[in-house]
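Enquirer: Structure incoming, see below.
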Amino acid sequence: MSEYWENAGFYWQPLGGNNIDQISGHCYQYTDIIYNEKNEPRQTTIIVDIGKFDNYQALGVANSNAAVPDIRNLLGREFVTAEAVFLTHSHPDHLNGIPHYLKAGYRLPTLYGGKYTRMILEDLYEQFGIDRPCRPDYVVINDGDVIKTGSLEIEVVAASHTCFDSFGFIIQSSSATVYHTGDMKIDASTYFRKPTNLKRIKERRQEIDFVVADFYGIPDDGFAVKEVSTFKKLVSLIKKSRKGKIFIPVYPTHPEMYIIAFLAALKVKKNVVFFGNSDFYSYLKRIIEYGISFTQLAGERIKVIYTHDRDEIKELDSNYAVIGTYNHISLAFDASSRDSFGIVTAKTFFNPLKGQLNSHNIKFVSVDEEPELQGFGHGFLGDYEYLNSVLCRPTFIPTHCPVFVIDNFRELSEFIGMKLLENTPSNNEIYRLENGKCTLVKKNPSLWLVVSYNAGYAYFTEVKQKPTSGEGFLKRTISSRRCKNKFKMFLHLRKEKKEQENGPQKSP
Ligand SMILES: [Zn+2]
């Protein structure tokens, strides 16, 4: 049987992130095969992201610690071997597969990623006890950098996401050019971070024939919430509350929300207490090390404290915002319904805190009533449409979403003039990208490697993913039926709008 790489071409393989039913463990292979003068095949392979699969318990291996995508074949034991790993950003579902591979004794090729991503990765190395000689080389990249490796050329383009140094990549081969977006949205109002480099994307519009759209918000209409809208919403809610103490819990892995909440407090001259669990403090420390000085931003206008020491808090004259990741209200705040108000910026994460606020009779609002409160790092349908409108009819390959989202999206995408790939890809299948066509060349089972630890070493167990292994998670996000109904509604609205625009048909 012939191997796919015996034929020249540009190949793409989702190794995680295009799951049957889950949306994590992102990892993608890009391989370019060309023939030299002697008619021998030459391969160039890169991997984009090595994430961790969140729902590993559902894979049913007792005493497991994680699950990772299977990249073993790309690590030097076969003809197709990865030369480099490109990292879009620092979130666990894109990054945290790395330490498990190292703990299992594998050596990884050079990593290319942002400065902030490296900081988070170094924390992981410490946490996992990975010695320096075992750590792969790391090259810090920035928006606009171009990296040549073998027959591939990769240009780094900034992406608006929730953490610093988030990138997409324009990957150019002799037979196709792909824009791999990374987690992103179009929003240009990012604070202290470069927004998506639309200028560069537009400059290369003629070349880009595929978009691997690695952001999952298509079942929401319009553009993803802008950061400036979240900021304005926070300011207005704080003002409207007329309370002295404002409780603003934020997700630990979303630095943009720490900053937005801080800027909102600064705007209304509320002192800031950073308060939370150890995860929160470790991310906060990284933000400060990265170069964001809250104390400097505060200047003389407000005080900023990083503990919840009763005496220090007393000095703030009951005028402060408590920003952090917490599910309990410290007694040091003496919070009561008279002087306190809560603004809960995430959906289910802070349910115990809501209970506490209720039991103290403290009023609060949450994202259920005010959707703009939640920072969104993932573009919505409007962001997809925007990309489609500035590029020249590329083929879209949505990833970072359950496959039913793509299946349900087909009718709507056709109506809005967006070219979707013909087959909905599942993890581990291999596709050839050519002339705007994405052709399945090899069907592999969707596999995960479940990681267990013994005496400090990681051991992998191969597990085939079952269609049901992520259902619990999906019930909390989106079900196939809800997704289908939403797309139906969007289609209906667009058809109606089109009819209105065209006006009543004139009779001859
Ligand atoms: Zn992310």
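Lettering and numbering for the structure tokens are positional, with chains as A, B, ... in the shown order, residues counted from 1 in each chain, and ligands counted from 1 in the shown order.
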List the neighbours of stretch 239-245 of chain A out to 9 Å using only C-alpha atoms; skip same-chain residues closer than 3 positions along the sequence, and give me the result as a list in words.

Expert: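 What passes the distance filter is Leu234, Val235, Ser236, Val268, Lys270, Asp317, Ser318, Asn319, Tyr320, Ala321, Val322, Phe333, Ala335, Arg338, Asp339, Ser340, Phe341, Gly342 and Lys363 of chain A.
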
Enquirer: Neighbours of ligand 1 at 9 Å or closer, counting only C-alpha atoms and all ligand atoms: which residues, as an MDAnalysis selection string?

Expert: chainID A and resid 88:94 161:163 166 182:184 215 253:254 377:378

Enquirer: Would you mind exporting the chosen residues as a tab-separated table (two decimals), in the first residue's frame, restricted to C-alpha atoms?

Expert:
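Everything below was put into selection.tsv:
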```tsv
chain	number	residue	atom	x	y	z
A	88	THR	CA	-0.30	29.99	18.79
A	89	HIS	CA	-0.65	30.95	22.47
A	90	SER	CA	-0.29	29.90	26.09
A	91	HIS	CA	-3.63	28.27	26.91
A	92	PRO	CA	-3.51	24.68	28.25
A	93	ASP	CA	-5.59	23.27	25.38
A	94	HIS	CA	-2.86	24.47	22.96
A	161	HIS	CA	-7.13	36.62	21.93
A	162	THR	CA	-7.29	36.72	25.71
A	163	CYS	CA	-3.57	36.34	26.47
A	166	SER	CA	-1.32	35.21	20.59
A	182	GLY	CA	-5.18	30.35	16.17
A	183	ASP	CA	-7.80	31.31	18.74
A	184	MET	CA	-8.84	34.74	17.64
A	215	PHE	CA	-11.93	29.55	16.80
A	253	THR	CA	-6.26	32.09	32.47
A	254	HIS	CA	-7.71	35.27	30.96
A	377	GLY	CA	-11.23	35.36	22.80
A	378	HIS	CA	-13.07	33.47	20.10
```

Enquirer: Just want the 6 Å neighbourhood of A:Ala264, counted on only C-alpha atoms, with same-chain residues fewer than 3 positions away dropped. Output as a ChimeraX atom specification.

Expert: /A:231,235,261,267

Enquirer: Limited to N, CA and C atoms, could you put the picked residues into a file as a PDB file, in the first residue's frame?

Expert:
```pdb
ATOM      1  N   PHE A 231     -15.213  46.723  28.947  1.00  0.00           N
ATOM      2  CA  PHE A 231     -14.728  47.799  29.814  1.00  0.00           C
ATOM      3  C   PHE A 231     -15.857  48.794  30.129  1.00  0.00           C
ATOM      4  N   VAL A 235     -17.671  49.682  33.786  1.00  0.00           N
ATOM      5  CA  VAL A 235     -17.711  51.046  34.339  1.00  0.00           C
ATOM      6  C   VAL A 235     -19.154  51.431  34.663  1.00  0.00           C
ATOM      7  N   ALA A 261     -10.798  44.766  34.051  1.00  0.00           N
ATOM      8  CA  ALA A 261     -11.433  45.060  35.339  1.00  0.00           C
ATOM      9  C   ALA A 261     -10.629  46.124  36.094  1.00  0.00           C
ATOM     10  N   LYS A 267     -10.836  53.877  36.226  1.00  0.00           N
ATOM     11  CA  LYS A 267     -11.695  54.899  35.599  1.00  0.00           C
ATOM     12  C   LYS A 267     -12.646  55.524  36.628  1.00  0.00           C
TER      13      LYS A 267
END
```

Enquirer: My list of candidates is A:Phe275, A:Tyr457, A:Tyr125, A:Tyr30. Which is closest to A:Tyr179 when distances are computed with only C-alpha atoms?

Expert: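 Residue with the minimum atom-to-atom distance to A:Tyr179: A:Tyr30.
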
Enquirer: Write out as a PyMOL selection string the residues lying within 7 Å of A:Thr345, counting only C-alpha atoms and excluding same-chain residues fewer than 6 positions away.

Expert: chain A and resi 249-250+366-367+373-374

Enquirer: Would you mind writing down, as a PyMOL selection string, each residue of stretch 382-482 of chain A that DSSP on the backbone assigns to strand (DSSP E)?

Expert: chain A and resi 395-398+419-420+430-434+437-442+447-454+457-464

Enquirer: Could you pull the residues within 10 Å of A:Leu95, counting only C-alpha atoms, minus those fewer than 2 positions along the same chain, as a short mmCIF file (atom, residue, chain, number, x, y, z; two decimals) with N, CA and C atoms, in the first residue's frame?

Expert:
```cif
data_model
loop_
_atom_site.label_atom_id
_atom_site.label_comp_id
_atom_site.auth_asym_id
_atom_site.auth_seq_id
_atom_site.Cartn_x
_atom_site.Cartn_y
_atom_site.Cartn_z
N GLY A 25 -7.37 19.96 23.29
CA GLY A 25 -6.26 19.11 22.84
C GLY A 25 -5.81 19.48 21.44
N HIS A 26 -5.74 20.77 21.16
CA HIS A 26 -5.45 21.22 19.79
C HIS A 26 -4.05 20.87 19.34
N CYS A 27 -3.96 20.40 18.09
CA CYS A 27 -2.68 20.00 17.53
C CYS A 27 -2.91 19.72 16.04
N VAL A 48 1.50 22.55 14.63
CA VAL A 48 1.01 23.76 15.26
C VAL A 48 0.28 23.36 16.55
N ASP A 49 0.80 23.79 17.67
CA ASP A 49 0.24 23.54 19.01
C ASP A 49 0.30 22.06 19.44
N ILE A 50 0.55 21.87 20.72
CA ILE A 50 0.43 20.52 21.31
C ILE A 50 -0.35 20.69 22.60
N GLY A 51 -1.66 20.59 22.49
CA GLY A 51 -2.51 20.88 23.64
C GLY A 51 -2.78 19.65 24.49
N LYS A 52 -3.55 19.90 25.51
CA LYS A 52 -3.97 18.84 26.43
C LYS A 52 -5.47 18.68 26.27
N LEU A 87 3.68 27.59 18.21
CA LEU A 87 2.69 27.72 19.28
C LEU A 87 1.87 28.98 19.09
N THR A 88 0.56 28.81 19.01
CA THR A 88 -0.30 29.99 18.79
C THR A 88 -0.41 30.83 20.05
N HIS A 89 -0.53 30.19 21.22
CA HIS A 89 -0.65 30.95 22.47
C HIS A 89 -0.51 30.03 23.67
N SER A 90 -0.71 30.59 24.86
CA SER A 90 -0.29 29.90 26.09
C SER A 90 -1.39 29.11 26.79
N HIS A 91 -2.56 28.97 26.19
CA HIS A 91 -3.63 28.27 26.91
C HIS A 91 -3.38 26.76 26.96
N PRO A 92 -3.80 26.12 28.06
CA PRO A 92 -3.51 24.68 28.25
C PRO A 92 -3.98 23.80 27.09
N ASP A 93 -5.09 24.13 26.47
CA ASP A 93 -5.59 23.27 25.38
C ASP A 93 -4.75 23.42 24.11
N GLY A 97 0.28 19.84 26.31
CA GLY A 97 0.71 18.50 25.93
C GLY A 97 2.22 18.36 26.03
N ILE A 98 2.92 19.48 25.90
CA ILE A 98 4.39 19.46 25.83
C ILE A 98 5.05 18.78 27.03
N PRO A 99 4.74 19.20 28.27
CA PRO A 99 5.44 18.58 29.40
C PRO A 99 5.20 17.07 29.50
N THR A 117 4.13 33.14 26.06
CA THR A 117 3.93 31.69 25.99
C THR A 117 5.13 30.98 26.62
N ILE A 120 4.88 31.04 30.44
CA ILE A 120 3.93 30.06 30.96
C ILE A 120 4.50 28.64 30.82
N LEU A 121 5.19 28.39 29.72
CA LEU A 121 5.79 27.07 29.50
C LEU A 121 6.88 26.80 30.54
N LEU A 124 5.46 25.58 33.57
CA LEU A 124 5.10 24.16 33.44
C LEU A 124 6.32 23.27 33.63
#
```

Enquirer: Might you pull out every residue within 7 Å of stretch 138-148 of chain A, with only C-alpha atoms counted and same-chain residues fewer than 6 positions away left off, and present them as a list in words?

Expert: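 Contacts, with the query itself left out: Thr110, Leu111, Tyr112, Gly113, Gly114, Lys115, Ile154, Glu155, Val156, Val157 and Ala158 of chain A.
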
Enquirer: Output N, CA and C atoms of each residue in that selection to a file, as a short mmCIF file (atom, residue, chain, number, x, y, z; two decimals), in the first residue's frame.

Expert:
```cif
data_model
loop_
_atom_site.label_atom_id
_atom_site.label_comp_id
_atom_site.auth_asym_id
_atom_site.auth_seq_id
_atom_site.Cartn_x
_atom_site.Cartn_y
_atom_site.Cartn_z
N THR A 110 12.48 22.14 17.80
CA THR A 110 12.47 23.53 18.26
C THR A 110 11.05 24.09 18.33
N LEU A 111 10.77 24.80 19.42
CA LEU A 111 9.47 25.44 19.57
C LEU A 111 9.58 26.91 19.16
N TYR A 112 8.57 27.41 18.46
CA TYR A 112 8.49 28.82 18.09
C TYR A 112 7.22 29.38 18.73
N GLY A 113 7.38 30.38 19.57
CA GLY A 113 6.19 30.95 20.21
C GLY A 113 6.51 32.31 20.81
N GLY A 114 5.50 32.95 21.36
CA GLY A 114 5.69 34.29 21.92
C GLY A 114 6.44 34.28 23.24
N LYS A 115 6.79 35.48 23.65
CA LYS A 115 7.53 35.64 24.91
C LYS A 115 6.67 35.20 26.11
N ILE A 154 6.76 30.37 6.96
CA ILE A 154 5.70 30.64 7.94
C ILE A 154 5.80 32.09 8.39
N GLU A 155 4.72 32.84 8.18
CA GLU A 155 4.71 34.23 8.64
C GLU A 155 3.84 34.33 9.89
N VAL A 156 4.35 35.03 10.89
CA VAL A 156 3.64 35.17 12.16
C VAL A 156 2.72 36.39 12.07
N VAL A 157 1.43 36.21 12.37
CA VAL A 157 0.50 37.36 12.39
C VAL A 157 -0.19 37.43 13.75
N ALA A 158 -0.17 38.62 14.32
CA ALA A 158 -0.79 38.80 15.64
C ALA A 158 -2.26 38.41 15.59
#
```

Enquirer: For stretch 351-355 of chain A, please output as JSON, numbers by chain all residues within 10 Å (counting only C-alpha atoms; exclusion window: fewer than 2 positions along the same chain).

Expert: {"A": [249, 326, 327, 328, 329, 342, 343, 344, 346, 347, 348, 349, 357, 358, 359, 360, 361, 362, 363, 364, 365, 366]}

Enquirer: Using DSSP on the backbone coordinates, identify all residues within stretch 33-214 of chain A classified as helix (DSSP H, G or I); present the result as a PDB file with C-alpha atoms, in the first residue's frame.

Expert:
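And here is the file that came out, result.pdb:
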```
ATOM      1  CA  TYR A  56      -9.517  12.819  29.630  1.00  0.00           C
ATOM      2  CA  GLN A  57     -11.530  11.136  32.389  1.00  0.00           C
ATOM      3  CA  ALA A  58     -14.196  10.326  29.806  1.00  0.00           C
ATOM      4  CA  LEU A  59     -11.637   8.122  28.012  1.00  0.00           C
ATOM      5  CA  ARG A  72       4.698  10.034  18.136  1.00  0.00           C
ATOM      6  CA  ASN A  73       5.000   9.236  14.420  1.00  0.00           C
ATOM      7  CA  LEU A  74       6.228  12.760  13.768  1.00  0.00           C
ATOM      8  CA  PRO A  92      -3.514  24.682  28.251  1.00  0.00           C
ATOM      9  CA  ASP A  93      -5.585  23.272  25.383  1.00  0.00           C
ATOM     10  CA  HIS A  94      -2.860  24.468  22.963  1.00  0.00           C
ATOM     11  CA  LEU A  95       0.288  24.117  25.083  1.00  0.00           C
ATOM     12  CA  GLY A  97       0.706  18.499  25.930  1.00  0.00           C
ATOM     13  CA  ILE A  98       4.389  19.464  25.825  1.00  0.00           C
ATOM     14  CA  PRO A  99       5.443  18.579  29.401  1.00  0.00           C
ATOM     15  CA  HIS A 100       3.749  15.169  29.180  1.00  0.00           C
ATOM     16  CA  TYR A 101       5.740  14.254  26.051  1.00  0.00           C
ATOM     17  CA  LEU A 102       8.948  15.339  27.765  1.00  0.00           C
ATOM     18  CA  LYS A 103       8.078  13.343  30.888  1.00  0.00           C
ATOM     19  CA  LYS A 115       7.534  35.639  24.911  1.00  0.00           C
ATOM     20  CA  TYR A 116       4.526  35.270  27.208  1.00  0.00           C
ATOM     21  CA  THR A 117       3.933  31.687  25.991  1.00  0.00           C
ATOM     22  CA  ARG A 118       7.516  30.899  26.958  1.00  0.00           C
ATOM     23  CA  MET A 119       6.943  32.312  30.450  1.00  0.00           C
ATOM     24  CA  ILE A 120       3.926  30.063  30.958  1.00  0.00           C
ATOM     25  CA  LEU A 121       5.792  27.072  29.496  1.00  0.00           C
ATOM     26  CA  GLU A 122       8.712  27.634  31.861  1.00  0.00           C
ATOM     27  CA  ASP A 123       6.267  27.531  34.763  1.00  0.00           C
ATOM     28  CA  LEU A 124       5.096  24.160  33.438  1.00  0.00           C
ATOM     29  CA  TYR A 125       8.687  22.887  33.213  1.00  0.00           C
ATOM     30  CA  GLU A 126       9.209  23.840  36.862  1.00  0.00           C
ATOM     31  CA  GLN A 127       5.935  22.300  37.903  1.00  0.00           C
ATOM     32  CA  PHE A 128       6.718  19.007  36.134  1.00  0.00           C
ATOM     33  CA  ARG A 132      17.058  22.169  31.358  1.00  0.00           C
ATOM     34  CA  PRO A 133      18.791  19.642  29.041  1.00  0.00           C
ATOM     35  CA  CYS A 134      15.450  17.944  28.366  1.00  0.00           C
ATOM     36  CA  LEU A 198      -5.759  42.536   9.480  1.00  0.00           C
ATOM     37  CA  LYS A 199      -3.540  44.748   7.385  1.00  0.00           C
ATOM     38  CA  ARG A 200      -1.151  41.885   6.689  1.00  0.00           C
ATOM     39  CA  ILE A 201      -3.958  39.407   6.129  1.00  0.00           C
ATOM     40  CA  LYS A 202      -5.464  41.753   3.549  1.00  0.00           C
ATOM     41  CA  GLU A 203      -2.078  42.253   1.880  1.00  0.00           C
TER      42      GLU A 203
END
```

Enquirer: Select, from A:Glu289, A:Asp165, A:Asp137, A:Glu422, the residue with the minimum atom-to-atom distance to A:Glu256, counting only C-alpha atoms.

Expert: A:Asp165
